[in-house]
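Q: Before anything else, here's the structure in question.
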Amino acid sequence: MSNLFRKIRQNLLTGGSYGNIALYVVGEIFFVVIGILLAFQVDNWNEERKIRKEEKILLKALRGEIDYNTKQVEEVIEHSDRSRQSAQLLLEIYQKDFQQYKPETLDSLLAQVQWSWTFNPKVSVLNAIKVNGRLNAIRNPEVQKFIVSFEELARDSEEESVIVRSLIVDKYVFAVSKYLSVSARSKYLGHNLSESKFESDYAGVFNDREIESVLAYIYTWRETELKELNKLHQLLLDAIVLVDKEIAR
């Protein structure tokens with residue numbers, strides 16, 4: 001093809017008219033411009049392919065982190081809900097005769113209120129994407145929004161958990177321990193302590209206004225905490241759907 005154009009050029013320059021020469025020059029310029037544009041387009045295609053490849057890698061890593069966080073928040077929800085239900089049942093027992101219940105049942109309920117799990121999300125991939133300026137490699141704006149906002153939303157949901165933990169550690173445990181030894185509740189928390197020499201005083205527990213009040217506070221804050229945790233859980237589930245769609249593209 002190049003030899004053909006070379007021969008045409010030589011013929012036009014040696015015997016062609018000025019009009020034909022001008023037409024050829026315009027043609028040459030046209031093909032040069034087309035060649036440059038094609039080269040740019042090829043470069044753009046290559047660059048786009050690199051970005052899409054990087055996006056897939058980032059999305060797969062993000063998917064693994066979201067899956068981990070989803071399982072963690074589900075575990076926290078399970079324990080927090082168990083604590084909430086136990087507090088609710090104990091508050092109901094305050095309105096009844098506690099002697100209707102076996103000591104083991106009361107010990108179990110009083111122990112389960114103490115569950116104090118906090119959701120500590122894993123955000124290494126999220127932070128790497130933000131800090132290294134790779135957010136623009138993610139095409140879906142909803143996924144971008146999740147990456148930017150998740151850590152802050154997780155911190156917001158932790159506020160209620162911190163309040164509940166403070167109530168349990170600073171108020172509840174010591175108030176209950178005036179009447180019941182920790183060893184009576186430890187086996188329901190996964191520990192095996194030797195039995196205490198002191199007898200359990202359930203009448204003291206269920207005639208103590210402070211314990212009843214603390215239980216009411218724990219129950220109330222657990223309700224708020226679970227609302228926030230469930231919202232966070234739904235956010236993670238929605239993110240899984242979004243990321244999976246992007247990976248499949």
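By convention here, the chains of the structure tokens are called A, B, ... in the order presented, each chain's residues are numbered starting at 1, and ligands are numbered starting at 1 in the order presented.
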Quick one: everything within 10 Å of Lys197 in chain A, counting only C-alpha atoms, minus sequence neighbours fewer than 3 positions away in the same chain. Send it as a ChimeraX atom specification.

A: /A:181,194,200

Q: Excluding range 51-58 of chain A and any residue of its chain fewer than 3 positions from it, enumerate the residues within 12 Å of it, using only C-alpha atoms, and give them as number ranges by chain.

A: A: 44-48, 61-65, 124-130, 132, 134-140, 143-144, 147, 243-249

Q: Let me see the file: selected residues, C-alpha atoms, as an mmCIF file, in the first residue's frame.

A:
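Result written to out.cif:
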data_model
loop_
_atom_site.group_PDB
_atom_site.id
_atom_site.type_symbol
_atom_site.label_atom_id
_atom_site.label_comp_id
_atom_site.auth_asym_id
_atom_site.auth_seq_id
_atom_site.Cartn_x
_atom_site.Cartn_y
_atom_site.Cartn_z
ATOM 1 C CA ASN A 44 -7.331 5.162 25.186
ATOM 2 C CA TRP A 45 -8.624 1.623 24.724
ATOM 3 C CA ASN A 46 -5.499 0.208 26.368
ATOM 4 C CA GLU A 47 -5.771 2.673 29.245
ATOM 5 C CA GLU A 48 -9.465 1.939 29.696
ATOM 6 C CA ALA A 61 -11.065 -7.131 47.420
ATOM 7 C CA LEU A 62 -13.884 -4.830 48.529
ATOM 8 C CA ARG A 63 -16.377 -7.692 48.216
ATOM 9 C CA GLY A 64 -14.310 -9.819 50.590
ATOM 10 C CA GLU A 65 -14.125 -7.003 53.129
ATOM 11 C CA SER A 124 -8.306 -1.633 55.075
ATOM 12 C CA VAL A 125 -9.520 -1.980 51.470
ATOM 13 C CA LEU A 126 -11.867 0.993 51.796
ATOM 14 C CA ASN A 127 -9.086 3.181 53.143
ATOM 15 C CA ALA A 128 -6.596 1.972 50.523
ATOM 16 C CA ILE A 129 -9.008 2.974 47.742
ATOM 17 C CA LYS A 130 -9.563 6.417 49.277
ATOM 18 C CA ASN A 132 -4.390 5.970 47.102
ATOM 19 C CA ARG A 134 -8.306 4.953 43.231
ATOM 20 C CA LEU A 135 -11.916 5.934 43.873
ATOM 21 C CA ASN A 136 -12.322 7.096 40.264
ATOM 22 C CA ALA A 137 -11.459 3.602 39.067
ATOM 23 C CA ILE A 138 -14.865 2.541 40.452
ATOM 24 C CA ARG A 139 -17.530 3.437 37.877
ATOM 25 C CA ASN A 140 -20.703 2.914 39.888
ATOM 26 C CA VAL A 143 -20.412 1.941 45.188
ATOM 27 C CA GLN A 144 -18.304 5.107 45.424
ATOM 28 C CA ILE A 147 -16.770 3.491 50.044
ATOM 29 C CA VAL A 243 -20.521 -4.863 43.941
ATOM 30 C CA ASP A 244 -21.505 -8.286 42.601
ATOM 31 C CA LYS A 245 -23.254 -6.624 39.640
ATOM 32 C CA GLU A 246 -20.166 -4.552 38.885
ATOM 33 C CA ILE A 247 -17.877 -7.576 39.092
ATOM 34 C CA ALA A 248 -20.147 -9.477 36.686
ATOM 35 C CA ARG A 249 -20.053 -6.706 34.066
#

Q: So how many Å separate CA of Arg209 in chain A and CA of Leu167 in chain A, to one decimal?

A: 15.2 Å

Q: At what distance in Å, to one decimal, does CA of Tyr217 in chain A lie from CA of Phe198 in chain A?

A: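 Separation between CA of Phe198 in chain A and CA of Tyr217 in chain A: 28.3 Å.
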
Q: Would you kindly return, as a PDB file with N, CA and C atoms, in the first residue's frame, each protein, DNA or RNA residue with an atom no farther than 10 Å from any atom of Glu74 in chain A, considering only C-alpha atoms and excluding same-chain residues fewer than 3 positions away?

A:
ATOM      1  N   ASN A  69     -17.337  -7.909  57.123  1.00  0.00           N
ATOM      2  CA  ASN A  69     -18.053  -6.963  57.979  1.00  0.00           C
ATOM      3  C   ASN A  69     -19.512  -7.365  58.171  1.00  0.00           C
ATOM      4  N   THR A  70     -20.104  -7.933  57.133  1.00  0.00           N
ATOM      5  CA  THR A  70     -21.498  -8.377  57.243  1.00  0.00           C
ATOM      6  C   THR A  70     -21.629  -9.476  58.296  1.00  0.00           C
ATOM      7  N   LYS A  71     -20.731 -10.438  58.272  1.00  0.00           N
ATOM      8  CA  LYS A  71     -20.765 -11.525  59.256  1.00  0.00           C
ATOM      9  C   LYS A  71     -20.518 -10.993  60.664  1.00  0.00           C
ATOM     10  N   ILE A  77     -25.353  -8.201  66.225  1.00  0.00           N
ATOM     11  CA  ILE A  77     -26.815  -8.097  66.305  1.00  0.00           C
ATOM     12  C   ILE A  77     -27.392  -9.265  67.112  1.00  0.00           C
ATOM     13  N   GLU A  78     -26.876 -10.462  66.855  1.00  0.00           N
ATOM     14  CA  GLU A  78     -27.378 -11.650  67.565  1.00  0.00           C
ATOM     15  C   GLU A  78     -27.189 -11.518  69.073  1.00  0.00           C
ATOM     16  N   HIS A  79     -25.986 -11.125  69.494  1.00  0.00           N
ATOM     17  CA  HIS A  79     -25.705 -11.013  70.926  1.00  0.00           C
ATOM     18  C   HIS A  79     -26.442  -9.827  71.552  1.00  0.00           C
ATOM     19  N   SER A  80     -26.519  -8.720  70.832  1.00  0.00           N
ATOM     20  CA  SER A  80     -27.221  -7.550  71.370  1.00  0.00           C
ATOM     21  C   SER A  80     -28.706  -7.828  71.530  1.00  0.00           C
ATOM     22  N   PHE A 119     -19.218  -3.695  67.293  1.00  0.00           N
ATOM     23  CA  PHE A 119     -18.869  -3.926  65.897  1.00  0.00           C
ATOM     24  C   PHE A 119     -17.639  -3.099  65.549  1.00  0.00           C
ATOM     25  N   LEU A 229     -27.741  -0.879  64.116  1.00  0.00           N
ATOM     26  CA  LEU A 229     -27.014  -2.037  63.596  1.00  0.00           C
ATOM     27  C   LEU A 229     -27.749  -2.677  62.421  1.00  0.00           C
ATOM     28  N   ASN A 230     -29.063  -2.746  62.504  1.00  0.00           N
ATOM     29  CA  ASN A 230     -29.842  -3.320  61.404  1.00  0.00           C
ATOM     30  C   ASN A 230     -29.774  -2.445  60.153  1.00  0.00           C
ATOM     31  N   LEU A 232     -27.194  -0.606  59.383  1.00  0.00           N
ATOM     32  CA  LEU A 232     -25.847  -0.853  58.866  1.00  0.00           C
ATOM     33  C   LEU A 232     -25.776  -2.198  58.154  1.00  0.00           C
ATOM     34  N   HIS A 233     -26.460  -3.185  58.712  1.00  0.00           N
ATOM     35  CA  HIS A 233     -26.493  -4.508  58.105  1.00  0.00           C
ATOM     36  C   HIS A 233     -27.143  -4.453  56.724  1.00  0.00           C
TER      37      HIS A 233
END

Q: Could you check which of A:Gln95, A:Ser186, A:Gln88, A:Ser108 is closest to Val214 in chain A, using only C-alpha atoms?

A: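 Answer, going by the shortest atom-to-atom distance: A:Gln88.
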
Q: Do a neighbour search on Gly204 in chain A at 12 Å with only C-alpha atoms, toss out local chain neighbours closer than 3 positions, and write the hits as a PyMOL selection string.

A: chain A and resi 94+98+175-180+199-201+207-212

Q: With N, CA and C atoms retained, export the selected residues as a compact mmCIF listing (two decimals), in the first residue's frame.

A:
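Result went into out-v8.txt, see below:
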# COMPACT_ATOMS: atom_id res chain seq x y z
N TYR A 94 -39.86 -8.62 87.36
CA TYR A 94 -39.99 -7.67 88.46
C TYR A 94 -41.45 -7.41 88.80
N PHE A 98 -40.67 -13.75 91.40
CA PHE A 98 -39.44 -14.33 90.85
C PHE A 98 -39.26 -15.79 91.27
N ALA A 175 -23.99 -3.82 90.54
CA ALA A 175 -25.26 -3.82 91.27
C ALA A 175 -25.76 -5.24 91.50
N VAL A 176 -25.68 -6.08 90.48
CA VAL A 176 -26.13 -7.47 90.59
C VAL A 176 -25.21 -8.26 91.52
N SER A 177 -23.92 -7.95 91.47
CA SER A 177 -22.93 -8.71 92.26
C SER A 177 -23.07 -8.50 93.76
N LYS A 178 -23.87 -7.53 94.17
CA LYS A 178 -24.14 -7.36 95.60
C LYS A 178 -24.95 -8.55 96.13
N TYR A 179 -25.69 -9.20 95.22
CA TYR A 179 -26.59 -10.28 95.63
C TYR A 179 -26.22 -11.64 95.04
N LEU A 180 -25.58 -11.63 93.89
CA LEU A 180 -25.21 -12.88 93.22
C LEU A 180 -23.74 -12.85 92.84
N GLU A 199 -24.19 -17.43 99.37
CA GLU A 199 -25.45 -17.88 98.78
C GLU A 199 -26.02 -16.80 97.87
N SER A 200 -26.77 -17.24 96.87
CA SER A 200 -27.42 -16.30 95.95
C SER A 200 -28.65 -15.70 96.60
N ASP A 201 -28.77 -14.37 96.48
CA ASP A 201 -29.90 -13.66 97.09
C ASP A 201 -30.77 -13.09 95.97
N ASN A 207 -35.78 -6.95 94.45
CA ASN A 207 -36.31 -5.88 95.29
C ASN A 207 -35.39 -4.66 95.28
N ASP A 208 -34.51 -4.64 94.30
CA ASP A 208 -33.54 -3.54 94.18
C ASP A 208 -33.96 -2.62 93.03
N ARG A 209 -34.35 -1.40 93.40
CA ARG A 209 -34.82 -0.45 92.39
C ARG A 209 -33.71 -0.07 91.42
N GLU A 210 -32.48 0.03 91.90
CA GLU A 210 -31.37 0.43 91.03
C GLU A 210 -31.17 -0.59 89.90
N ILE A 211 -31.19 -1.88 90.23
CA ILE A 211 -31.01 -2.91 89.20
C ILE A 211 -32.14 -2.85 88.19
N GLU A 212 -33.37 -2.68 88.68
CA GLU A 212 -34.50 -2.58 87.76
C GLU A 212 -34.34 -1.38 86.82

Q: Using only C-alpha atoms, determine which residues lie at most 9 Å from Trp221 in chain A, disregarding the query and same-chain residues fewer than 5 positions distant; provide the list as a PyMOL selection string.

A: chain A and resi 84+160-161+163-164+216+226

Q: Compare A:Phe174, A:Tyr219, A:Phe206, A:Trp117 by their minimum atom-to-atom distance to Ser86 in chain A, counting only C-alpha atoms, and give me the closest one.

A: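 For Ser86 in chain A, the nearest of the given residues is A:Tyr219.
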